[in-house]
file work_9.tsv (TSV, C-alpha atoms and all ligand atoms)
chain	number	residue	atom	x	y	z
W	1	MET	CA	-19.38	-10.45	6.76
W	2	PRO	CA	-16.60	-8.11	7.98
W	3	ARG	CA	-15.14	-6.04	5.14
W	4	THR	CA	-11.57	-6.38	4.00
W	5	VAL	CA	-9.01	-4.96	6.44
W	6	ARG	CA	-7.69	-1.64	5.14
W	7	ILE	CA	-4.17	-0.61	6.05
W	8	GLY	CA	-3.01	2.96	5.42
W	9	ILE	CA	0.67	3.69	4.77
W	10	GLY	CA	1.67	7.35	4.96
W	11	GLY	CA	4.80	9.41	5.30
W	12	PRO	CA	6.97	12.06	3.65
W	13	ILE	CA	7.94	11.94	-0.02
W	14	GLY	CA	10.52	9.27	-0.73
W	15	CYS	CA	10.57	7.65	2.72
W	16	GLY	CA	9.97	4.23	1.11
W	17	LYS	CA	6.20	3.61	1.13
W	18	THR	CA	6.09	1.97	-2.29
W	19	GLU	CA	9.23	-0.02	-1.56
W	20	LEU	CA	7.59	-1.27	1.65
W	21	ILE	CA	4.54	-2.51	-0.26
W	22	GLU	CA	6.83	-4.16	-2.82
W	23	LYS	CA	8.56	-6.05	-0.01
W	24	LEU	CA	5.42	-6.85	2.00
W	25	VAL	CA	3.18	-8.21	-0.73
W	26	PRO	CA	5.27	-11.29	-1.69
W	27	LYS	CA	5.57	-12.22	1.99
W	28	LEU	CA	1.86	-11.75	2.73
W	29	THR	CA	0.93	-13.64	-0.44
W	30	ALA	CA	3.23	-16.53	0.50
W	31	LEU	CA	1.38	-16.71	3.83
W	32	GLY	CA	-1.88	-17.17	1.93
W	33	TYR	CA	-3.34	-13.66	2.26
W	34	LYS	CA	-5.06	-12.12	-0.74
W	35	VAL	CA	-3.82	-8.55	-1.05
W	36	GLY	CA	-5.09	-5.54	-2.98
W	37	ILE	CA	-3.28	-2.20	-3.35
W	38	LEU	CA	-4.49	1.39	-3.71
W	39	SER	CA	-1.69	3.77	-4.57
W	40	ASN	CA	-2.25	7.52	-4.30
W	41	ASP	CA	-0.13	9.94	-6.29
W	42	VAL	CA	-0.97	13.59	-6.75
W	43	TYR	CA	-0.10	14.02	-10.43
W	44	SER	CA	0.47	10.52	-11.80
W	45	LYS	CA	-0.13	6.81	-11.41
W	46	GLU	CA	3.59	6.14	-11.45
W	47	ASP	CA	3.79	4.08	-8.26
W	48	ALA	CA	0.89	1.81	-9.27
W	49	ARG	CA	2.59	1.13	-12.62
W	50	ARG	CA	5.94	0.54	-10.92
W	51	MET	CA	4.45	-1.99	-8.49
W	52	ALA	CA	2.65	-3.85	-11.28
W	53	VAL	CA	5.98	-4.27	-13.12
W	54	ARG	CA	8.13	-5.03	-10.10
W	55	LEU	CA	5.75	-7.40	-8.32
W	56	GLY	CA	4.68	-9.14	-11.53
W	57	GLU	CA	1.63	-11.26	-12.31
W	58	LYS	CA	3.03	-14.26	-10.45
W	59	VAL	CA	2.75	-12.37	-7.15
W	60	ILE	CA	-0.31	-10.19	-7.75
W	61	ASP	CA	-2.85	-9.80	-10.52
W	62	LYS	CA	-2.47	-6.34	-12.07
W	63	ASP	CA	-6.22	-5.71	-11.57
W	64	LEU	CA	-5.52	-5.71	-7.84
W	65	ILE	CA	-3.24	-2.65	-8.07
W	66	VAL	CA	-5.25	0.54	-8.43
W	67	GLY	CA	-3.58	3.90	-9.05
W	68	ILE	CA	-5.42	6.98	-7.80
W	69	GLU	CA	-4.37	10.33	-9.23
W	70	THR	CA	-5.76	12.58	-6.51
W	71	GLY	CA	-4.93	15.95	-8.05
W	72	LEU	CA	-5.06	17.45	-4.57
W	73	CYS	CA	-3.14	17.69	-1.34
W	74	PRO	CA	-2.31	14.10	-0.28
W	75	HIS	CA	-3.65	14.37	3.25
W	76	THR	CA	-6.96	15.73	1.99
W	77	ALA	CA	-7.36	12.50	-0.01
W	78	VAL	CA	-6.82	10.16	2.94
W	79	ARG	CA	-7.71	12.30	5.96
W	80	ASP	CA	-10.12	15.17	5.34
W	81	ASP	CA	-12.29	13.83	2.53
W	82	PRO	CA	-11.33	10.23	1.80
W	83	SER	CA	-14.38	9.53	-0.42
W	84	MET	CA	-12.26	8.94	-3.54
W	85	ASN	CA	-10.23	6.30	-1.70
W	86	VAL	CA	-13.18	4.80	0.18
W	87	ASN	CA	-15.04	4.37	-3.13
W	88	ALA	CA	-11.99	2.82	-4.79
W	89	ALA	CA	-11.53	0.41	-1.86
W	90	ASP	CA	-15.26	-0.50	-1.90
W	91	GLN	CA	-15.08	-1.12	-5.65
W	92	LEU	CA	-11.96	-3.31	-5.33
W	93	GLU	CA	-13.63	-5.25	-2.54
W	94	LYS	CA	-16.81	-5.71	-4.58
W	95	GLU	CA	-14.90	-6.99	-7.60
W	96	HIS	CA	-12.63	-9.18	-5.47
W	97	PRO	CA	-14.55	-10.47	-2.45
W	98	GLU	CA	-11.69	-12.92	-1.85
W	99	LEU	CA	-9.39	-10.10	-0.63
W	100	ASP	CA	-8.14	-10.26	2.98
W	101	LEU	CA	-6.54	-6.83	3.06
W	102	ILE	CA	-6.01	-3.67	1.04
W	103	LEU	CA	-2.78	-1.69	1.42
W	104	ILE	CA	-3.40	2.02	0.80
W	105	GLU	CA	-0.35	4.15	0.01
W	106	SER	CA	-0.86	7.84	0.60
W	107	GLY	CA	0.86	10.35	-1.65
W	108	GLY	CA	4.09	11.65	-0.05
W	109	ASP	CA	3.15	14.17	2.61
W	110	ASN	CA	4.28	15.97	5.76
W	111	VAL	CA	4.15	15.26	9.50
W	112	THR	CA	0.49	16.27	9.81
W	113	LEU	CA	-0.61	13.25	7.80
W	114	THR	CA	-2.97	10.73	9.31
W	115	PHE	CA	-5.68	8.46	7.86
W	116	SER	CA	-9.37	8.98	8.42
W	117	PRO	CA	-10.80	6.06	10.43
W	118	ARG	CA	-13.41	5.90	7.66
W	119	LEU	CA	-10.66	4.78	5.29
W	120	ALA	CA	-8.09	2.82	7.29
W	121	ASP	CA	-8.49	0.26	10.08
W	122	PHE	CA	-4.75	0.30	10.79
W	123	PHE	CA	-2.31	3.14	10.13
W	124	ILE	CA	1.40	2.78	9.41
W	125	TYR	CA	3.43	5.99	9.47
W	126	MET	CA	6.86	5.90	7.91
W	127	ILE	CA	9.89	8.19	8.03
W	128	ASP	CA	13.47	7.67	6.99
W	129	VAL	CA	16.81	8.31	8.61
W	130	ALA	CA	17.97	10.49	5.70
W	131	SER	CA	15.61	13.26	6.83
W	132	GLY	CA	17.66	13.63	10.01
W	133	ASP	CA	17.67	12.03	13.44
W	134	LYS	CA	15.41	14.72	14.96
W	135	THR	CA	12.21	13.68	13.18
W	136	ILE	CA	10.66	11.53	15.92
W	137	ARG	CA	11.15	14.06	18.74
W	138	LYS	CA	9.51	16.76	16.60
W	139	GLY	CA	6.24	14.84	16.87
W	140	GLY	CA	3.13	15.04	14.71
W	141	LEU	CA	0.02	12.93	14.42
W	142	GLY	CA	1.67	10.10	12.50
W	143	ILE	CA	4.58	9.86	14.93
W	144	LEU	CA	2.30	9.96	17.98
W	145	LYS	CA	-0.80	8.10	16.87
W	146	ALA	CA	0.11	5.62	14.15
W	147	ASP	CA	-0.55	1.97	15.02
W	148	LEU	CA	2.95	1.25	13.75
W	149	LEU	CA	5.84	3.66	13.15
W	150	ILE	CA	8.51	2.54	10.70
W	151	VAL	CA	11.90	4.24	10.55
W	152	ASN	CA	13.36	3.22	7.19
W	153	LYS	CA	16.83	3.50	5.60
W	154	ILE	CA	18.89	2.73	8.69
W	155	ASP	CA	21.58	1.63	6.22
W	156	LEU	CA	22.06	5.36	5.46
W	157	ALA	CA	22.74	6.37	9.09
W	158	PRO	CA	26.55	6.37	8.66
W	159	TYR	CA	26.23	8.85	5.77
W	160	VAL	CA	23.85	11.30	7.46
W	161	ALA	CA	25.20	13.93	9.88
W	162	THR	CA	23.47	14.16	13.25
W	163	THR	CA	21.08	17.07	13.91
W	164	ILE	CA	21.18	16.73	17.69
W	165	PRO	CA	23.56	19.15	19.46
W	166	ASP	CA	24.45	16.82	22.36
W	167	SER	CA	24.64	13.64	20.29
W	168	THR	CA	27.43	11.26	21.21
W	169	THR	CA	27.93	10.45	17.53
W	170	LYS	CA	28.64	12.69	14.53
W	171	THR	CA	26.37	10.68	12.29
W	172	ALA	CA	22.61	10.02	12.59
W	173	ASN	CA	22.12	8.72	16.09
W	174	LEU	CA	19.85	5.67	15.94
W	175	ASP	CA	20.08	5.07	19.68
W	176	LEU	CA	18.66	8.52	20.38
W	177	MET	CA	15.96	7.94	17.79
W	178	ARG	CA	15.00	4.72	19.58
W	179	GLU	CA	14.84	6.61	22.90
W	180	ASP	CA	12.69	9.32	21.26
W	181	ALA	CA	10.32	6.66	19.93
W	182	GLU	CA	9.99	5.16	23.43
W	183	LYS	CA	9.15	8.59	24.85
W	184	MET	CA	6.78	9.72	22.10
W	185	ARG	CA	4.83	6.46	21.72
W	186	PRO	CA	5.45	4.30	24.78
W	187	ASP	CA	2.53	1.94	24.14
W	188	LYS	CA	2.87	1.57	20.40
W	189	PRO	CA	5.40	-0.31	18.28
W	190	THR	CA	8.23	1.27	16.27
W	191	ILE	CA	10.39	-0.73	13.87
W	192	PHE	CA	13.76	0.46	12.59
W	193	LEU	CA	14.59	-1.22	9.31
W	194	SER	CA	16.27	-1.06	5.94
W	195	LEU	CA	14.14	-2.02	2.97
W	196	LYS	CA	17.28	-1.90	0.83
W	197	GLU	CA	19.05	-4.45	3.01
W	198	GLU	CA	15.77	-6.27	3.64
W	199	THR	CA	16.03	-6.18	7.43
W	200	GLY	CA	13.03	-5.88	9.75
W	201	ILE	CA	10.38	-6.69	7.16
W	202	ASP	CA	9.29	-9.92	8.88
W	203	GLU	CA	8.66	-7.90	12.05
W	204	VAL	CA	6.30	-5.66	10.08
W	205	VAL	CA	4.49	-8.72	8.72
W	206	ASP	CA	4.15	-10.11	12.26
W	207	ILE	CA	2.66	-6.85	13.58
W	208	ILE	CA	0.23	-6.60	10.66
W	209	ARG	CA	-0.91	-10.18	11.28
W	210	GLU	CA	-1.16	-9.77	15.03
W	211	LYS	CA	-2.70	-6.30	15.27
W	212	ALA	CA	-4.54	-5.70	12.00
W	213	LEU	CA	-5.58	-9.06	10.59
W	214	PHE	CA	-6.41	-11.01	13.74
W	215	ARG	CA	-8.37	-8.38	15.60
W	301	LIG	N1	19.36	3.36	0.90
W	301	LIG	C1	18.07	3.04	0.96
W	301	LIG	N2	17.23	3.46	-0.01
W	301	LIG	C2	15.93	3.12	0.10
W	301	LIG	C3	15.43	2.33	1.17
W	301	LIG	N3	14.09	2.19	1.01
W	301	LIG	C4	13.77	2.85	-0.11
W	301	LIG	N4	14.87	3.41	-0.69
W	301	LIG	C5	14.92	4.22	-1.91
W	301	LIG	O1	14.31	5.47	-1.64
W	301	LIG	C6	13.66	5.97	-2.82
W	301	LIG	C7	12.22	6.33	-2.52
W	301	LIG	O2	11.50	5.14	-2.23
W	301	LIG	P1	9.96	5.01	-2.58
W	301	LIG	O3	9.51	3.65	-2.18
W	301	LIG	O4	9.70	5.45	-3.96
W	301	LIG	O5	9.37	6.11	-1.58
W	301	LIG	P2	7.87	6.60	-1.44
W	301	LIG	O6	7.66	6.92	-0.01
W	301	LIG	O7	6.94	5.61	-2.04
W	301	LIG	O8	7.88	7.94	-2.33
W	301	LIG	P3	6.62	8.82	-2.82
W	301	LIG	O9	5.53	7.87	-3.19
W	301	LIG	O10	7.15	9.58	-3.98
W	301	LIG	O11	6.26	9.70	-1.66
W	301	LIG	C8	13.79	4.87	-3.86
W	301	LIG	O12	14.85	5.19	-4.74
W	301	LIG	C9	14.09	3.63	-3.04
W	301	LIG	O13	14.79	2.64	-3.74
W	301	LIG	C10	16.36	1.89	2.17
W	301	LIG	O14	16.04	1.19	3.14
W	301	LIG	N5	17.66	2.29	2.02
W	302	MG	MG	5.46	5.88	-3.45

call {"tool": "encode", "arguments": {"input": "work_9.tsv", "output": "structure tokens"}}
result
Amino acid sequence: MPRTVRIGIGGPIGCGKTELIEKLVPKLTALGYKVGILSNDVYSKEDARRMAVRLGEKVIDKDLIVGIETGLCPHTAVRDDPSMNVNAADQLEKEHPELDLILIESGGDNVTLTFSPRLADFFIYMIDVASGDKTIRKGGLGILKADLLIVNKIDLAPYVATTIPDSTTKTANLDLMREDAEKMRPDKPTIFLSLKEETGIDEVVDIIREKALFR
């Protein structure tokens, strides 16, 4: 039997990884998928606790949300030596053979983050507009190689000054960011969304179903 599909979600601190999981899980559950969650934090299990409270038992059994306090550099835990996460995913899968997928949130990291293929079958890299509209053109493994790039917090664009000298706008230039995404990852999808305003989340669900769950 094929093992549960494992989806890695990585990106800088505060870009919205936990919020994404909180928005995805009710939608995936409503579609009939059985979802488990591994949540990596370096010094706490805060995000796992937060998701258990916010999602609630009606959406997901609290046993299906596992917090991992890595105690080490976040990309070591999911890229260089993912044993801790692989073991936790194997254990979750063993205890819950009914699972269709496991969402694995990396601790907040930098642009060098990627997931070991040993750990994740599908890799979502996430950034947010608040970090400036230059982030995509600066590159990095996540930007270039992720199966899906998500640019979150587009609702904040009007409040963020542009970083690009020849920008036609004074505030974060989403059009240029879209052009950068086309150039940097021409064959791979990028979704611009706002988790706060709940836009674009169905597109993420569609891509997960099409590219991760049905392959
Ligand atoms: N304005 C706005 N705020 C958002 C959006 N998405 C997330 N946030 C807020 O951004 C903050 C960080 O979101 P988290 O989901 O905790 O980010 P994270 O990537 O999980 O953070 P770490 O796990 O600490 O790396 C929270 O206060 C969210 O409510 C968005 O689309 N727009
Ligand atoms: Mg988080």

call {"tool": "residues_around", "arguments": {"input": "work_9.tsv", "residues": "stretch 174-189 of chain W", "least_positions_apart": "4", "cutoff": "12 Å", "atoms": "only C-alpha atoms", "output": "PyMOL selection string"}}
result
chain W and resi 123-125+127-130+132-158+160-170+193+203-204+206-208+210-211

call {"tool": "residues_near_point", "arguments": {"input": "work_9.tsv", "point": "(2.3, -1.3, -0.1)", "cutoff": "10 Å", "atoms": "only C-alpha atoms", "output": "list in words"}}
result
Ile7, Gly8, Ile9, Gly16, Lys17, Thr18, Glu19, Leu20, Ile21, Glu22, Lys23, Leu24, Val25, Val35, Gly36, Ile37, Leu38, Ser39, Asp47, Ala48, Met51, Ile65, Ile102, Leu103, Ile104, Glu105 and Ser106 of chain W

call {"tool": "closest_residue", "arguments": {"input": "work_9.tsv", "among": "W:Leu195, W:Val5, W:Val205, W:Leu64", "to": "ligand LIG 301 (chain W)", "atoms": "only C-alpha atoms and all ligand atoms"}}
result
W:Leu195

call {"tool": "closest_residue", "arguments": {"input": "work_9.tsv", "among": "W:Lys27, W:Lys34, W:Arg6, W:Lys196", "to": "ligand LIG 301 (chain W)", "atoms": "all atoms listed in the file"}}
result
W:Lys196

call {"tool": "atom_distance", "arguments": {"input": "work_9.tsv", "atom1": "atom CA of W:Tyr33", "atom2": "atom CA of W:Asp80"}}
result
29.8 Å

call {"tool": "closest_residue", "arguments": {"input": "work_9.tsv", "among": "W:Glu98, W:Ala30, W:Gly107, W:Pro82", "to": "ligand MG 302 (chain W)", "atoms": "all atoms listed in the file"}}
result
W:Gly107

call {"tool": "atom_distance", "arguments": {"input": "work_9.tsv", "atom1": "atom O6 of ligand LIG 301 (chain W)", "atom2": "atom CA of W:Lys45"}}
result
13.8 Å

call {"tool": "closest_residue", "arguments": {"input": "work_9.tsv", "among": "W:Asp81, W:Glu95, W:Glu46, W:Asp90", "to": "W:Glu69", "atoms": "only C-alpha atoms"}}
result
W:Glu46

call {"tool": "closest_residue", "arguments": {"input": "work_9.tsv", "among": "W:Leu31, W:Val78, W:Leu101, W:Met126", "to": "ligand MG 302 (chain W)", "atoms": "only C-alpha atoms and all ligand atoms"}}
result
W:Met126

call {"tool": "atom_distance", "arguments": {"input": "work_9.tsv", "atom1": "atom CA of W:Val86", "atom2": "atom CA of W:Arg118"}}
result
7.6 Å

call {"tool": "closest_residue", "arguments": {"input": "work_9.tsv", "among": "W:Gly200, W:Gly32, W:Gly67, W:Pro117", "to": "ligand MG 302 (chain W)", "atoms": "only C-alpha atoms and all ligand atoms"}}
result
W:Gly67

call {"tool": "residues_around", "arguments": {"input": "work_9.tsv", "residues": "W:Lys62", "least_positions_apart": "3", "cutoff": "9 Å", "atoms": "only C-alpha atoms", "output": "ChimeraX atom specification"}}
result
/W:51-53,56-57,65-66

call {"tool": "axis_aligned_box", "arguments": {"input": "work_9.tsv", "around": "stretch 73-81 of chain W", "padding_each_side": "8 Å", "output": "JSON"}}
result
{"center_x": -7.3, "center_y": 13.9, "center_z": 2.3, "size_x": 26.0, "size_y": 23.5, "size_z": 23.3}

call {"tool": "residues_near_point", "arguments": {"input": "work_9.tsv", "point": "(-1.7, 11.6, -8.7)", "cutoff": "7 Å", "atoms": "only C-alpha atoms", "output": "list in words"}}
result
Asn40, Asp41, Val42, Tyr43, Ser44, Lys45, Ile68, Glu69, Thr70 and Gly71 of chain W

call {"tool": "decode", "arguments": {"input": "work_9.tsv", "residues": "stretch 125-140 of chain W", "atoms": "N, CA, C and O atoms", "output": "PDB file, in the first residue's frame"}}
result
ATOM      1  N   TYR W 125       6.491  26.231  -0.500  1.00  0.00           N
ATOM      2  CA  TYR W 125       7.301  27.287   0.113  1.00  0.00           C
ATOM      3  C   TYR W 125       6.443  28.544   0.173  1.00  0.00           C
ATOM      4  O   TYR W 125       5.712  28.871  -0.775  1.00  0.00           O
ATOM      5  N   MET W 126       6.540  29.235   1.289  1.00  0.00           N
ATOM      6  CA  MET W 126       5.658  30.377   1.511  1.00  0.00           C
ATOM      7  C   MET W 126       6.470  31.609   1.895  1.00  0.00           C
ATOM      8  O   MET W 126       7.423  31.507   2.675  1.00  0.00           O
ATOM      9  N   ILE W 127       6.098  32.751   1.338  1.00  0.00           N
ATOM     10  CA  ILE W 127       6.679  34.028   1.773  1.00  0.00           C
ATOM     11  C   ILE W 127       5.512  34.984   1.976  1.00  0.00           C
ATOM     12  O   ILE W 127       4.361  34.630   1.680  1.00  0.00           O
ATOM     13  N   ASP W 128       5.801  36.183   2.481  1.00  0.00           N
ATOM     14  CA  ASP W 128       4.702  37.139   2.576  1.00  0.00           C
ATOM     15  C   ASP W 128       5.136  38.493   2.047  1.00  0.00           C
ATOM     16  O   ASP W 128       6.335  38.798   2.006  1.00  0.00           O
ATOM     17  N   VAL W 129       4.148  39.262   1.659  1.00  0.00           N
ATOM     18  CA  VAL W 129       4.411  40.554   1.021  1.00  0.00           C
ATOM     19  C   VAL W 129       5.082  41.529   1.988  1.00  0.00           C
ATOM     20  O   VAL W 129       5.855  42.392   1.579  1.00  0.00           O
ATOM     21  N   ALA W 130       4.827  41.350   3.297  1.00  0.00           N
ATOM     22  CA  ALA W 130       5.379  42.283   4.283  1.00  0.00           C
ATOM     23  C   ALA W 130       6.910  42.259   4.320  1.00  0.00           C
ATOM     24  O   ALA W 130       7.534  43.220   4.764  1.00  0.00           O
ATOM     25  N   SER W 131       7.513  41.170   3.833  1.00  0.00           N
ATOM     26  CA  SER W 131       8.983  41.122   3.842  1.00  0.00           C
ATOM     27  C   SER W 131       9.580  41.894   2.667  1.00  0.00           C
ATOM     28  O   SER W 131      10.805  41.924   2.505  1.00  0.00           O
ATOM     29  N   GLY W 132       8.741  42.501   1.850  1.00  0.00           N
ATOM     30  CA  GLY W 132       9.242  43.324   0.745  1.00  0.00           C
ATOM     31  C   GLY W 132       9.018  42.654  -0.594  1.00  0.00           C
ATOM     32  O   GLY W 132       9.008  41.427  -0.691  1.00  0.00           O
ATOM     33  N   ASP W 133       8.864  43.485  -1.641  1.00  0.00           N
ATOM     34  CA  ASP W 133       8.495  42.918  -2.944  1.00  0.00           C
ATOM     35  C   ASP W 133       9.691  42.399  -3.744  1.00  0.00           C
ATOM     36  O   ASP W 133       9.570  42.019  -4.896  1.00  0.00           O
ATOM     37  N   LYS W 134      10.873  42.353  -3.096  1.00  0.00           N
ATOM     38  CA  LYS W 134      12.066  41.844  -3.790  1.00  0.00           C
ATOM     39  C   LYS W 134      12.290  40.365  -3.571  1.00  0.00           C
ATOM     40  O   LYS W 134      13.166  39.758  -4.200  1.00  0.00           O
ATOM     41  N   THR W 135      11.537  39.746  -2.660  1.00  0.00           N
ATOM     42  CA  THR W 135      11.903  38.403  -2.169  1.00  0.00           C
ATOM     43  C   THR W 135      11.985  37.360  -3.275  1.00  0.00           C
ATOM     44  O   THR W 135      12.895  36.525  -3.269  1.00  0.00           O
ATOM     45  N   ILE W 136      11.072  37.384  -4.234  1.00  0.00           N
ATOM     46  CA  ILE W 136      11.074  36.324  -5.255  1.00  0.00           C
ATOM     47  C   ILE W 136      12.314  36.438  -6.143  1.00  0.00           C
ATOM     48  O   ILE W 136      12.988  35.448  -6.417  1.00  0.00           O
ATOM     49  N   ARG W 137      12.646  37.658  -6.569  1.00  0.00           N
ATOM     50  CA  ARG W 137      13.781  37.815  -7.490  1.00  0.00           C
ATOM     51  C   ARG W 137      15.110  37.487  -6.816  1.00  0.00           C
ATOM     52  O   ARG W 137      16.099  37.209  -7.480  1.00  0.00           O
ATOM     53  N   LYS W 138      15.146  37.512  -5.483  1.00  0.00           N
ATOM     54  CA  LYS W 138      16.384  37.153  -4.776  1.00  0.00           C
ATOM     55  C   LYS W 138      16.666  35.655  -4.806  1.00  0.00           C
ATOM     56  O   LYS W 138      17.767  35.227  -4.464  1.00  0.00           O
ATOM     57  N   GLY W 139      15.660  34.869  -5.145  1.00  0.00           N
ATOM     58  CA  GLY W 139      15.876  33.428  -5.348  1.00  0.00           C
ATOM     59  C   GLY W 139      16.039  32.626  -4.070  1.00  0.00           C
ATOM     60  O   GLY W 139      15.652  33.055  -2.985  1.00  0.00           O
ATOM     61  N   GLY W 140      16.620  31.440  -4.222  1.00  0.00           N
ATOM     62  CA  GLY W 140      16.724  30.501  -3.093  1.00  0.00           C
ATOM     63  C   GLY W 140      16.034  29.209  -3.490  1.00  0.00           C
ATOM     64  O   GLY W 140      15.203  29.200  -4.404  1.00  0.00           O
TER      65      GLY W 140
END
